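One structure is given here, and the rest of the page talks about it.
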Amino acid sequence: DEATRGAALERLLGRYRSPIVRYMQCCRRGSFEEAENLTQEFFLACLRRDFLRNVDLEHGRFRSFIRVCIRNFLRDQHAHDSAIKRGEGKPMESLDAVDPEGNRLLDPPGSELSPDKELDRRWARQVIANARELLRTECAAGQREALFEALSDDWEDQGSPRADIAAQLGMTANALRVSIHRVRQRFRELIREELRQTVGTQEEFDDEMRFLFDVLSG
């Protein structure tokens with residue numbers, strides 16, 4: 001029902017607040033504080049009843065859906081600001097205005113990535129961060145938090161030597177190897193579970209998995 005859909009939307013918005021704020025900041029070339037305020041206004045707009053009538057979280061990628069919604073929201077904000085400026089006799093730049101070199105005035109200055117690419121990168125990182133936090137919670141519940149903390153710098157085999165970790169945890173080398181395998185396997189499962197919450201079909205899930213690893217390896 002509508003209440004359930006609203007709760008699901010609110011939860012997902014909260015979990016991906018950080019990349020949304022950055023996307024707002026990139027598009028508007030504003031301060032972090034302005035982006036935070038815009039994000040709060042955007043969340044409130046998303047949760048209005050008339051907005052939810054057109055939302056189906058079971059179909060389509062949540063990342064793509066949010067991107068379109070933010071751009072529409074910013075255009076509405078820009079139109080509103082323009083009306084106020086015109087009423088004060090002040091000119092307002094177009095949302096698509098460019099400088100003499102052809103660079104969009106509302107793109108982030110000095111950024112190597114477009115706002116859309118920046119959103120993709122930060123969204124991918126947030127997926128990983130969310131899954132890792134869930135893993136931390138599970139390890140803590142299973143009295144394995146010390147293992148998680150010891151392995152936190154070892155995800156890419158670039159942390160402390162395994163022998164040092166085993167000694168720190170009072171484990172044999174073989175027991176540590178088995179634990180690392182299980183923790184990493186669970187981590188991958190949690191990443192997949194996190195992505196499944198943001199898509200509606202298996203095809204979309206497969207596409208998001210490819211997107212995730214393309215972005216993170218790029």
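For the structure tokens, the naming scheme is as follows: chains receive sequential letters (A, B, ...) according to their order of presentation, residues are indexed from 1 within each chain, and ligands are indexed from 1 in presentation order.
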
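For Arg186 (chain A), the set of protein, DNA and RNA residues having any atom at most 10 Å away, when counting only C-alpha atoms and skipping those fewer than 6 positions along the same chain, is Ala131, Arg132, Leu135, Glu138, Ile180 and Arg192 of chain A.
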
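A straight line drawn from CA of Gly142 (chain A) to CA of Gln185 (chain A) is 15.9 Å long.
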
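Of the listed residues A:Ala150, A:Ile70, A:Leu13, A:Ala124, the one whose atoms come nearest to Met209 (chain A) is A:Ala124, with distances taken using only C-alpha atoms.
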
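Checking A:Arg15, A:Arg67, A:Arg22, A:Arg28 one by one against Leu195 (chain A), counting only C-alpha atoms, you find the shortest gap at A:Arg15.
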
Exercise. Find the spatial neighbours of Leu147 (chain A), counting only C-alpha atoms, within a cut-off of 10 Å - ignore same-chain residues fewer than 4 positions away - and output them as an MDAnalysis selection string.
Key: chainID A and resid 136 139:140 143 151:152 165:166 168:169 176 179:180 183

File dump, residues just selected, C-alpha atoms, as a PDB file, in the first residue's frame:
ATOM      1  CA  ARG A 136      30.067  -5.141  10.851  1.00  0.00           C
ATOM      2  CA  CYS A 139      29.997  -9.752  13.090  1.00  0.00           C
ATOM      3  CA  ALA A 140      29.298  -7.840  16.285  1.00  0.00           C
ATOM      4  CA  GLN A 143      30.876 -11.945  18.693  1.00  0.00           C
ATOM      5  CA  LEU A 151      40.366  -7.527   8.616  1.00  0.00           C
ATOM      6  CA  SER A 152      39.082  -4.009   7.916  1.00  0.00           C
ATOM      7  CA  ILE A 165      46.356 -10.949  12.380  1.00  0.00           C
ATOM      8  CA  ALA A 166      46.197 -14.608  13.425  1.00  0.00           C
ATOM      9  CA  GLN A 168      46.376 -10.895  17.376  1.00  0.00           C
ATOM     10  CA  LEU A 169      43.179 -12.924  17.350  1.00  0.00           C
ATOM     11  CA  LEU A 176      42.054 -17.429  10.003  1.00  0.00           C
ATOM     12  CA  SER A 179      37.280 -17.119   8.595  1.00  0.00           C
ATOM     13  CA  ILE A 180      38.512 -14.692   5.948  1.00  0.00           C
ATOM     14  CA  VAL A 183      33.613 -13.128   5.904  1.00  0.00           C
TER      15      VAL A 183
END

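In this structure, CA of Arg182 (chain A) sits 19.9 Å away from CA of Val127 (chain A).
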
So that I can check the surroundings of Asp214 (chain A), please list as a JSON list (two decimals) with C-alpha atoms, in the first residue's frame every protein, DNA and RNA residue that reaches within 12 Å of it, counting only C-alpha atoms and ignoring chain neighbours fewer than 5 positions away.
[["chain", "number", "residue", "atom", "x", "y", "z"],
["A", 117, "LYS", "CA", 29.42, 10.42, -13.26],
["A", 120, "ASP", "CA", 27.51, 6.99, -10.16],
["A", 121, "ARG", "CA", 30.87, 6.81, -8.44],
["A", 124, "ALA", "CA", 28.71, 2.63, -6.04],
["A", 125, "ARG", "CA", 30.86, 3.45, -3.05],
["A", 207, "ASP", "CA", 23.06, -4.53, -15.05],
["A", 208, "GLU", "CA", 23.59, -2.90, -11.64],
["A", 209, "MET", "CA", 26.20, -5.50, -10.71]]
